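Student: I am sharing data.cif, which consists of mmCIF, C-alpha atoms:
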```
data_structure
loop_
_atom_site.label_atom_id
_atom_site.label_comp_id
_atom_site.auth_asym_id
_atom_site.auth_seq_id
_atom_site.Cartn_x
_atom_site.Cartn_y
_atom_site.Cartn_z
CA MET A 1 136.04 154.85 93.56
CA LEU A 2 138.10 157.96 94.18
CA SER A 3 141.73 157.73 95.21
CA THR A 4 142.70 160.10 97.95
CA SER A 5 145.99 161.89 97.37
CA LEU A 6 145.98 163.98 100.52
CA PRO A 7 149.21 163.62 102.51
CA LEU A 8 149.12 161.89 105.84
CA PRO A 9 149.45 164.06 108.90
CA PRO A 10 152.89 164.24 110.47
CA PRO A 11 153.62 161.36 112.84
CA SER A 12 153.87 163.71 115.80
CA ARG A 13 150.29 164.80 115.19
CA LEU A 14 148.97 161.37 116.09
CA ALA A 15 151.15 161.29 119.17
CA GLY A 16 149.69 164.67 120.13
CA LEU A 17 153.00 166.52 119.84
CA THR A 18 151.93 169.52 117.81
CA PRO A 19 151.26 172.94 119.34
CA ALA A 20 147.63 173.03 118.23
CA ARG A 21 146.79 169.59 119.62
CA LEU A 22 149.23 169.39 122.51
CA SER A 23 147.57 167.91 125.58
CA PRO A 24 148.13 170.00 128.72
CA GLY A 25 148.91 166.72 130.45
CA TYR A 26 151.81 165.69 128.24
CA PHE A 27 154.29 166.73 130.92
CA ALA A 28 153.34 163.43 132.56
CA LEU A 29 155.94 162.01 130.15
CA VAL A 30 158.56 164.12 131.91
CA MET A 31 157.20 163.09 135.30
CA ALA A 32 157.35 159.39 134.41
CA THR A 33 160.87 159.44 132.98
CA GLY A 34 162.20 161.70 135.73
CA ILE A 35 160.87 159.67 138.64
CA LEU A 36 162.41 156.51 137.18
CA SER A 37 165.74 158.34 137.01
CA VAL A 38 165.37 159.14 140.72
CA GLY A 39 164.42 155.53 141.47
CA CYS A 40 167.43 154.18 139.59
CA GLN A 41 169.67 156.58 141.47
CA LEU A 42 168.29 155.26 144.77
CA ARG A 43 169.10 151.72 143.61
CA GLY A 44 172.65 152.75 142.70
CA TRP A 45 172.14 152.26 138.98
CA ASP A 46 174.06 155.43 138.14
CA LEU A 47 174.45 155.00 134.38
CA LEU A 48 170.77 154.28 133.83
CA ALA A 49 169.82 157.12 136.20
CA ARG A 50 171.95 159.62 134.27
CA SER A 51 170.65 158.40 130.92
CA LEU A 52 167.03 158.75 132.02
CA LEU A 53 167.78 162.19 133.47
CA VAL A 54 169.19 163.37 130.14
CA LEU A 55 166.10 162.03 128.39
CA THR A 56 163.92 163.80 130.96
CA ALA A 57 165.65 167.11 130.24
CA VAL A 58 165.20 166.63 126.48
CA GLU A 59 161.52 165.81 126.90
CA TYR A 60 161.05 168.81 129.17
CA ALA A 61 162.76 171.20 126.74
CA LEU A 62 160.72 169.89 123.79
CA LEU A 63 157.42 170.23 125.62
CA VAL A 64 158.27 173.72 126.89
CA VAL A 65 158.99 174.83 123.32
CA LEU A 66 155.73 173.31 122.07
CA THR A 67 153.79 174.88 124.94
CA VAL A 68 155.27 178.33 124.25
CA ARG A 69 154.39 177.98 120.57
CA ARG A 70 150.88 176.93 121.52
CA PHE A 71 150.51 179.96 123.78
CA ALA A 72 151.72 182.24 120.98
CA ALA A 73 149.72 180.79 118.09
CA TYR A 74 146.84 178.76 119.53
CA ARG A 75 145.58 180.70 122.52
CA ARG A 76 141.97 179.83 121.75
CA GLU A 77 142.68 176.10 122.02
CA LEU A 78 144.75 176.62 125.16
CA ALA A 79 142.01 178.70 126.77
CA ALA A 80 139.44 176.06 125.87
CA ASP A 81 141.51 173.44 127.72
CA ALA A 82 141.83 175.74 130.74
CA HIS A 83 138.04 176.10 130.91
CA ASP A 84 137.38 172.38 130.39
CA THR A 85 136.63 170.84 133.78
CA ARG A 86 137.68 167.40 132.54
CA LYS A 87 141.19 168.37 131.50
CA ALA A 88 142.09 171.78 133.04
CA PHE A 89 143.88 170.25 136.03
CA LEU A 90 146.29 168.57 133.63
CA PHE A 91 148.10 171.92 133.40
CA PHE A 92 149.55 171.09 136.81
CA THR A 93 151.66 168.37 135.16
CA PHE A 94 154.01 171.21 134.15
CA VAL A 95 154.61 172.00 137.83
CA ALA A 96 155.16 168.36 138.74
CA GLY A 97 157.39 167.73 135.72
CA THR A 98 159.50 170.77 136.57
CA ASP A 99 159.94 169.62 140.16
CA VAL A 100 160.74 166.02 139.22
CA LEU A 101 163.45 167.27 136.87
CA ALA A 102 164.74 169.53 139.66
CA VAL A 103 164.95 166.59 142.08
CA GLY A 104 166.77 164.50 139.47
CA LEU A 105 169.29 167.29 138.80
CA ALA A 106 169.86 167.82 142.52
CA GLY A 107 170.50 164.11 142.95
CA GLN A 108 173.26 164.37 140.36
CA GLY A 109 174.81 167.42 142.04
CA HIS A 110 173.39 170.12 139.74
CA PHE A 111 171.95 172.30 142.49
CA THR A 112 171.80 175.68 140.73
CA PRO A 113 169.58 174.60 137.81
CA ALA A 114 167.51 172.58 140.27
CA ALA A 115 166.95 175.69 142.39
CA VAL A 116 165.94 177.70 139.33
CA LEU A 117 163.44 175.02 138.35
CA LEU A 118 162.03 174.99 141.89
CA VAL A 119 161.43 178.75 141.74
CA ILE A 120 159.65 178.35 138.39
CA ALA A 121 157.56 175.50 139.78
CA VAL A 122 156.54 177.38 142.94
CA LEU A 123 155.48 180.49 141.02
CA THR A 124 153.57 178.44 138.45
CA TRP A 125 151.94 176.37 141.19
CA LEU A 126 150.70 179.49 142.93
CA VAL A 127 149.37 181.07 139.72
CA LEU A 128 147.67 177.92 138.46
CA GLY A 129 146.38 177.12 141.94
CA TYR A 130 144.15 180.18 141.83
CA THR A 131 143.39 180.51 138.12
CA ILE A 132 142.65 176.92 137.06
CA PRO A 133 140.03 176.12 139.73
CA TRP A 134 138.29 179.43 138.97
CA ALA A 135 138.35 178.97 135.20
CA ALA A 136 137.39 175.29 135.19
CA VAL A 137 135.10 175.00 138.23
CA LEU A 138 134.02 178.11 140.11
CA GLY A 139 133.68 180.35 137.07
CA ARG A 140 131.51 177.98 135.04
CA SER A 141 127.77 178.45 134.81
CA GLU A 142 127.06 174.76 134.22
CA ARG A 143 125.95 172.83 137.25
CA PRO A 144 126.57 170.38 138.80
CA VAL A 145 130.29 170.71 138.14
CA VAL A 146 130.97 167.56 140.15
CA ALA A 147 129.54 165.56 137.24
CA ALA A 148 132.77 166.33 135.36
CA ALA A 149 135.17 165.43 138.19
CA ASN A 150 137.69 162.76 137.22
CA GLY A 151 141.14 161.42 137.95
CA THR A 152 142.89 164.47 136.51
CA TRP A 153 141.82 166.48 139.57
CA PHE A 154 144.45 164.60 141.61
CA VAL A 155 147.21 166.15 139.48
CA TRP A 156 146.79 169.34 141.54
CA VAL A 157 147.74 167.27 144.58
CA VAL A 158 150.77 165.82 142.79
CA ALA A 159 151.93 169.32 141.85
CA SER A 160 151.64 170.51 145.44
CA GLN A 161 153.57 167.58 146.83
CA SER A 162 156.21 167.83 144.11
CA VAL A 163 157.00 171.34 145.38
CA ALA A 164 157.47 169.87 148.86
CA VAL A 165 159.77 167.12 147.57
CA ALA A 166 161.94 169.55 145.58
CA ALA A 167 162.18 172.03 148.46
CA ALA A 168 163.11 169.30 150.96
CA THR A 169 165.67 167.88 148.52
CA LEU A 170 167.44 171.23 148.12
CA GLU A 171 167.23 172.21 151.80
CA PRO A 172 170.53 170.56 152.91
CA HIS A 173 172.46 172.33 150.13
CA TYR A 174 171.37 175.94 150.76
CA GLU A 175 172.22 176.91 154.32
CA ALA A 176 171.06 180.52 153.94
CA ALA A 177 167.69 179.47 152.52
CA ARG A 178 167.12 176.52 154.88
CA GLN A 179 164.34 178.16 156.91
CA GLY A 180 162.53 179.34 153.78
CA LEU A 181 162.76 175.94 152.12
CA ALA A 182 161.39 174.33 155.29
CA VAL A 183 158.38 176.65 155.18
CA VAL A 184 157.79 175.92 151.49
CA ALA A 185 158.07 172.16 152.02
CA VAL A 186 155.69 171.97 154.98
CA PHE A 187 153.27 174.50 153.48
CA SER A 188 152.92 172.73 150.13
CA TRP A 189 152.76 169.29 151.79
CA SER A 190 149.91 170.48 154.01
CA VAL A 191 148.03 172.05 151.11
CA GLY A 192 148.46 168.86 149.11
CA CYS A 193 146.98 166.73 151.89
CA VAL A 194 143.88 168.93 152.10
CA LEU A 195 143.54 169.00 148.31
CA TYR A 196 143.68 165.19 148.20
CA ALA A 197 140.81 164.92 150.65
CA ALA A 198 138.76 167.42 148.62
CA SER A 199 139.55 165.77 145.27
CA ALA A 200 138.74 162.32 146.64
CA ILE A 201 135.34 163.54 147.84
CA PHE A 202 134.46 165.18 144.51
CA VAL A 203 135.62 162.23 142.41
CA SER A 204 133.82 159.75 144.68
CA LEU A 205 130.60 161.73 144.36
CA ARG A 206 131.03 161.68 140.58
CA LEU A 207 131.44 157.90 140.59
CA MET A 208 128.47 157.28 142.87
CA LEU A 209 125.91 159.81 141.63
CA TYR A 210 126.25 159.83 137.84
CA PRO A 211 126.32 157.20 135.08
CA LEU A 212 129.83 156.06 134.20
CA GLU A 213 130.88 154.71 130.83
CA PRO A 214 133.84 152.30 130.74
CA ARG A 215 135.77 154.73 128.54
CA GLU A 216 135.55 157.37 131.25
CA LEU A 217 137.59 155.27 133.69
CA ASP A 218 140.73 156.31 131.84
CA PRO A 219 144.42 156.14 132.87
CA PRO A 220 144.45 159.44 134.86
CA TYR A 221 142.52 157.66 137.62
CA TRP A 222 145.87 156.06 138.48
CA VAL A 223 146.96 159.51 139.64
CA SER A 224 144.81 158.92 142.74
CA MET A 225 147.47 156.42 143.80
CA GLY A 226 150.38 158.49 142.51
CA ALA A 227 149.18 161.47 144.54
CA VAL A 228 149.29 159.36 147.72
CA ALA A 229 152.71 157.99 146.83
CA ILE A 230 154.26 161.41 146.24
CA THR A 231 152.71 162.59 149.52
CA VAL A 232 154.64 159.75 151.19
CA VAL A 233 157.87 160.81 149.46
CA ALA A 234 157.36 164.43 150.49
CA GLY A 235 156.65 163.34 154.04
CA ALA A 236 159.75 161.14 154.18
CA ARG A 237 161.90 164.00 152.93
CA ILE A 238 160.42 166.40 155.47
CA VAL A 239 161.12 163.93 158.28
CA GLU A 240 164.79 163.88 157.20
CA MET A 241 165.13 167.69 157.15
CA GLU A 242 167.26 169.56 159.68
CA SER A 243 165.64 171.13 162.71
CA ALA A 244 163.51 174.17 161.89
CA PRO A 245 160.43 175.56 163.63
CA MET A 246 158.10 174.60 160.79
CA VAL A 247 159.57 171.10 160.48
CA ASP A 248 159.76 170.42 164.20
CA ALA A 249 156.09 171.33 164.61
CA VAL A 250 154.92 168.59 162.23
CA ARG A 251 157.70 166.00 162.18
CA GLY A 252 155.85 163.40 164.26
CA LEU A 253 152.57 163.94 162.42
CA VAL A 254 154.24 163.70 159.01
CA ALA A 255 156.13 160.54 159.93
CA GLY A 256 153.00 158.75 161.11
CA MET A 257 150.85 159.90 158.21
CA SER A 258 153.48 158.80 155.70
CA VAL A 259 153.23 155.20 156.89
CA VAL A 260 149.43 155.30 156.85
CA LEU A 261 149.36 156.80 153.36
CA TRP A 262 151.86 154.25 152.02
CA CYS A 263 149.53 151.50 153.19
CA PHE A 264 146.61 153.22 151.47
CA ALA A 265 148.57 153.58 148.22
CA THR A 266 149.36 149.86 148.39
CA TRP A 267 145.67 149.07 148.88
CA LEU A 268 144.71 151.18 145.85
CA ILE A 269 146.87 149.26 143.37
CA PRO A 270 144.68 146.09 143.11
CA VAL A 271 141.60 148.32 142.83
CA LEU A 272 143.07 150.23 139.89
CA VAL A 273 144.24 147.02 138.21
CA ALA A 274 140.72 145.59 138.55
CA VAL A 275 139.30 148.76 136.98
CA GLY A 276 141.64 148.29 134.03
CA VAL A 277 140.55 144.68 133.58
CA TRP A 278 136.89 145.74 133.78
CA ARG A 279 137.48 148.48 131.21
CA HIS A 280 139.55 146.64 128.63
CA HIS A 281 138.69 142.95 129.09
CA VAL A 282 135.05 142.99 130.17
CA HIS A 283 133.90 146.01 128.17
CA ARG A 284 136.40 145.66 125.31
CA VAL A 285 137.64 149.25 125.30
CA PRO A 286 140.54 149.18 122.78
CA LEU A 287 143.99 149.14 124.34
CA ALA A 288 145.94 151.61 122.21
CA TYR A 289 148.56 154.24 122.93
CA GLU A 290 147.41 157.68 124.04
CA PRO A 291 149.32 160.39 125.95
CA THR A 292 147.35 159.69 129.13
CA TRP A 293 149.10 156.32 129.50
CA TRP A 294 151.98 158.22 131.08
CA SER A 295 149.54 158.92 133.91
CA ILE A 296 149.89 155.24 134.81
CA VAL A 297 153.67 155.05 134.50
CA PHE A 298 154.33 157.98 136.83
CA PRO A 299 152.30 156.57 139.77
CA LEU A 300 154.02 153.20 139.37
CA GLY A 301 157.43 154.85 139.50
CA MET A 302 156.42 157.12 142.36
CA TYR A 303 155.18 154.15 144.38
CA ALA A 304 158.59 152.51 144.00
CA VAL A 305 160.41 155.67 145.07
CA ALA A 306 157.97 156.14 147.96
CA GLY A 307 158.76 152.69 149.32
CA MET A 308 162.50 153.26 149.12
CA TYR A 309 162.39 156.72 150.69
CA LEU A 310 159.98 155.74 153.46
CA GLY A 311 161.79 152.51 154.22
CA ARG A 312 165.07 154.33 154.71
CA ALA A 313 163.64 157.34 156.56
CA ASP A 314 161.61 155.30 159.07
CA ASP A 315 163.85 152.19 159.16
CA LEU A 316 161.23 149.91 157.58
CA PRO A 317 163.20 147.25 155.63
CA ILE A 318 160.10 145.50 154.22
CA VAL A 319 158.79 148.78 152.79
CA GLU A 320 162.16 149.56 151.23
CA TRP A 321 162.35 146.06 149.73
CA ILE A 322 158.89 146.43 148.19
CA GLY A 323 159.92 149.76 146.68
CA GLN A 324 163.08 148.26 145.21
CA ALA A 325 161.18 145.32 143.72
CA TRP A 326 158.41 147.56 142.40
CA LEU A 327 160.93 149.64 140.47
CA TRP A 328 161.15 146.74 138.01
CA VAL A 329 157.39 146.98 137.45
CA ALA A 330 157.70 150.72 136.81
CA LEU A 331 160.62 150.27 134.40
CA THR A 332 158.69 147.61 132.51
CA ALA A 333 155.67 149.88 132.24
CA TRP A 334 157.80 152.83 131.09
CA THR A 335 159.51 150.72 128.42
CA THR A 336 156.19 149.34 127.20
CA VAL A 337 154.52 152.75 126.92
CA PHE A 338 157.61 154.36 125.37
CA LEU A 339 157.80 151.65 122.72
CA ALA A 340 154.06 151.99 122.09
CA MET A 341 154.55 155.72 121.57
CA LEU A 342 157.36 155.11 119.08
CA HIS A 343 155.32 152.41 117.34
CA THR A 344 152.42 154.83 116.97
CA VAL A 345 154.70 157.43 115.40
CA PHE A 346 156.48 155.12 112.95
CA THR A 347 153.44 153.08 111.88
CA THR A 348 151.68 156.34 111.07
CA ARG A 349 154.65 157.42 109.00
CA GLY A 350 154.67 154.19 107.03
CA ARG A 351 150.93 153.76 106.58
CA ALA A 352 149.76 153.83 102.98
CA PRO A 353 147.03 156.30 101.94
CA GLU A 354 143.56 154.85 102.25
CA GLN A 355 141.33 154.31 99.23
CA ALA A 356 137.82 155.72 99.17
#
```
So, in terms of structure tokens, how does the structure I just supplied come out?
Tutor:
Amino acid sequence: MLSTSLPLPPPSRLAGLTPARLSPGYFALVMATGILSVGCQLRGWDLLARSLLVLTAVEYALLVVLTVRRFAAYRRELAADAHDTRKAFLFFTFVAGTDVLAVGLAGQGHFTPAAVLLVIAVLTWLVLGYTIPWAAVLGRSERPVVAAANGTWFVWVVASQSVAVAAATLEPHYEAARQGLAVVAVFSWSVGCVLYAASAIFVSLRLMLYPLEPRELDPPYWVSMGAVAITVVAGARIVEMESAPMVDAVRGLVAGMSVVLWCFATWLIPVLVAVGVWRHHVHRVPLAYEPTWWSIVFPLGMYAVAGMYLGRADDLPIVEWIGQAWLWVALTAWTTVFLAMLHTVFTTRGRAPEQA
């Protein structure tokens, strides 16, 4: 028997918070916390909304620092993620996280930093929108690429719609830029709708044509619902925008589609819950913390916000009530996953070295 004296890895390593091992999708943590801040603000829970917004900003700053360090010191690992069809689209969580933080700041009256974040998000969205699909899909020699399609592909949709939400949120506060913000909002909303249709087709083909292990139906598949929910929020915000040629041309279409899409998002929830039961209860896949769990929390929070926004924009009291009630579900999920993350960190720190 040999006693191992090697030190345990730092706690953050297990949680995936080191530059070398940082998941490109970890900005889903920012997305989840930020959208709950927005939801609490809509409910009038100002203290909780401000507290969650501060936490969102801290999470965002930490992940930006880690990402910059990863780019500087671990470019090979970062490039490998960008060329991996199964995880490359997770890079778009940076865009969505940036926009969610911008919306939260705007809701608290911090319009200048929110505008700066929107500019960063738009530029990043445009760059990633052309480079990631080429690197991960079109530029690969392996075929069929559709065999690697999964729930992470919907994050591109979320990023697109987050740009629309942020632009529509800032539009009333920048008179000189109102026309430009209207164009950005309608443009990104339209692109997001088309991307959802394309992603849904590719992911559906993957599910129907190729063998599927229970482990592969992982938490990012919840983004399929979150992408619909944020499309509803973007649509509701566009409907509320002031008159502008771009907005006036689509206002009726956007209003009708928002209601249809909210219904579809509602229909998806029992399906995704059933998938989780099939994965963890029937096939006994261990239920343990991993960074992708934030990909469940964000859609839950976004669904709550979507109901509240749509209900108020289209005068649908039942939809608003469902959104308000669902916020409790989202807060419960966020608390559970956050505590699981902390538990993972501290149990790793306190674990005794194993004997071999």
Student: Written as a ChimeraX atom specification, which residues does the PyMOL selection byres ((chain A and resi 185) around 12) give for the file shown?
Tutor: /A:118,122,160-171,178-184,186-192,231,233-241,244,246-247,250-251,254
Student: In the coordinate frame of the file, compute which residues have an atom within 7 Å of (131.1, 165.9, 142.3) when using all atoms listed in the file, and state them as a list of chain:residue names.
Tutor: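 Final list of nearby residues, as requested, is A:Val145, A:Val146, A:Ala147, A:Ala149, A:Phe202, A:Val203, A:Leu205, A:Arg206.
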Student: What do you get, as JSON, numbers by chain, if you spell out every residue that the PyMOL selection byres ((chain A and resi 217) around 9) selects here?
Tutor: {"A": [150, 151, 212, 213, 214, 215, 216, 218, 219, 220, 221, 275, 276, 279]}
Student: Near Val228 (chain A), within 9 Å and counting only C-alpha atoms, which residues show up once chain neighbours fewer than 2 positions away are dropped, as a list in words?
Tutor: Val157, Val158, Cys193, Tyr196, Val223, Ser224, Met225, Gly226, Ile230, Thr231, Val232, Val233, Leu261, Trp262, Phe264, Ala265, Pro299 and Tyr303 of chain A
Student: Those selected residues, please, written with C-alpha atoms and delivered as a compact mmCIF listing (two decimals), keeping the file's coordinate frame.
Tutor:
```
# COMPACT_ATOMS: atom_id res chain seq x y z
CA VAL A 157 147.74 167.27 144.58
CA VAL A 158 150.77 165.82 142.79
CA CYS A 193 146.98 166.73 151.89
CA TYR A 196 143.68 165.19 148.20
CA VAL A 223 146.96 159.51 139.64
CA SER A 224 144.81 158.92 142.74
CA MET A 225 147.47 156.42 143.80
CA GLY A 226 150.38 158.49 142.51
CA ILE A 230 154.26 161.41 146.24
CA THR A 231 152.71 162.59 149.52
CA VAL A 232 154.64 159.75 151.19
CA VAL A 233 157.87 160.81 149.46
CA LEU A 261 149.36 156.80 153.36
CA TRP A 262 151.86 154.25 152.02
CA PHE A 264 146.61 153.22 151.47
CA ALA A 265 148.57 153.58 148.22
CA PRO A 299 152.30 156.57 139.77
CA TYR A 303 155.18 154.15 144.38
```
Student: Build an axis-aligned box that encloses every atom of region 309-323 of chain A listed in the file, pad it by 4 Å on each side, and report its centre and edge lengths in Å to one decimal, as JSON.
Tutor:
```
{"center_x": 161.9, "center_y": 151.4, "center_z": 152.9, "size_x": 14.3, "size_y": 19.8, "size_z": 20.5}
```
Student: Which residues fall under the PyMOL selection byres ((chain A and resi 101) around 9) in this file, as a list in words?
Tutor: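 Output from the PyMOL selection byres ((chain A and resi 101) around 9), applied to this file: Val30, Met31, Gly34, Ile35, Leu53, Thr56, Ala57, Tyr60, Ala96, Gly97, Thr98, Asp99, Val100, Ala102, Val103, Gly104, Leu105, Ala106, Ala114 and Leu117 of chain A.
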Student: Here is a test: counting only C-alpha atoms, which residue of A:Gln108, A:Thr85, A:Thr344, A:Gln324 is nearest to Ala288 (chain A)?
Tutor: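 Nearest candidate to Ala288 (chain A) out of A:Gln108, A:Thr85, A:Thr344, A:Gln324: A:Thr344.
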Student: Is there a way to get, as a ChimeraX atom specification, all residues within 8 Å of the point (148.2, 168.2, 128.8) in file coordinates, counting all atoms listed in the file?
Tutor: /A:22-28,87,90-91,93
Student: Using only C-alpha atoms, which of the listed residues (A:Ala229, A:Asp81, A:Leu29, A:Gly44) sits closest to Trp267 (chain A)?
Tutor: A:Ala229
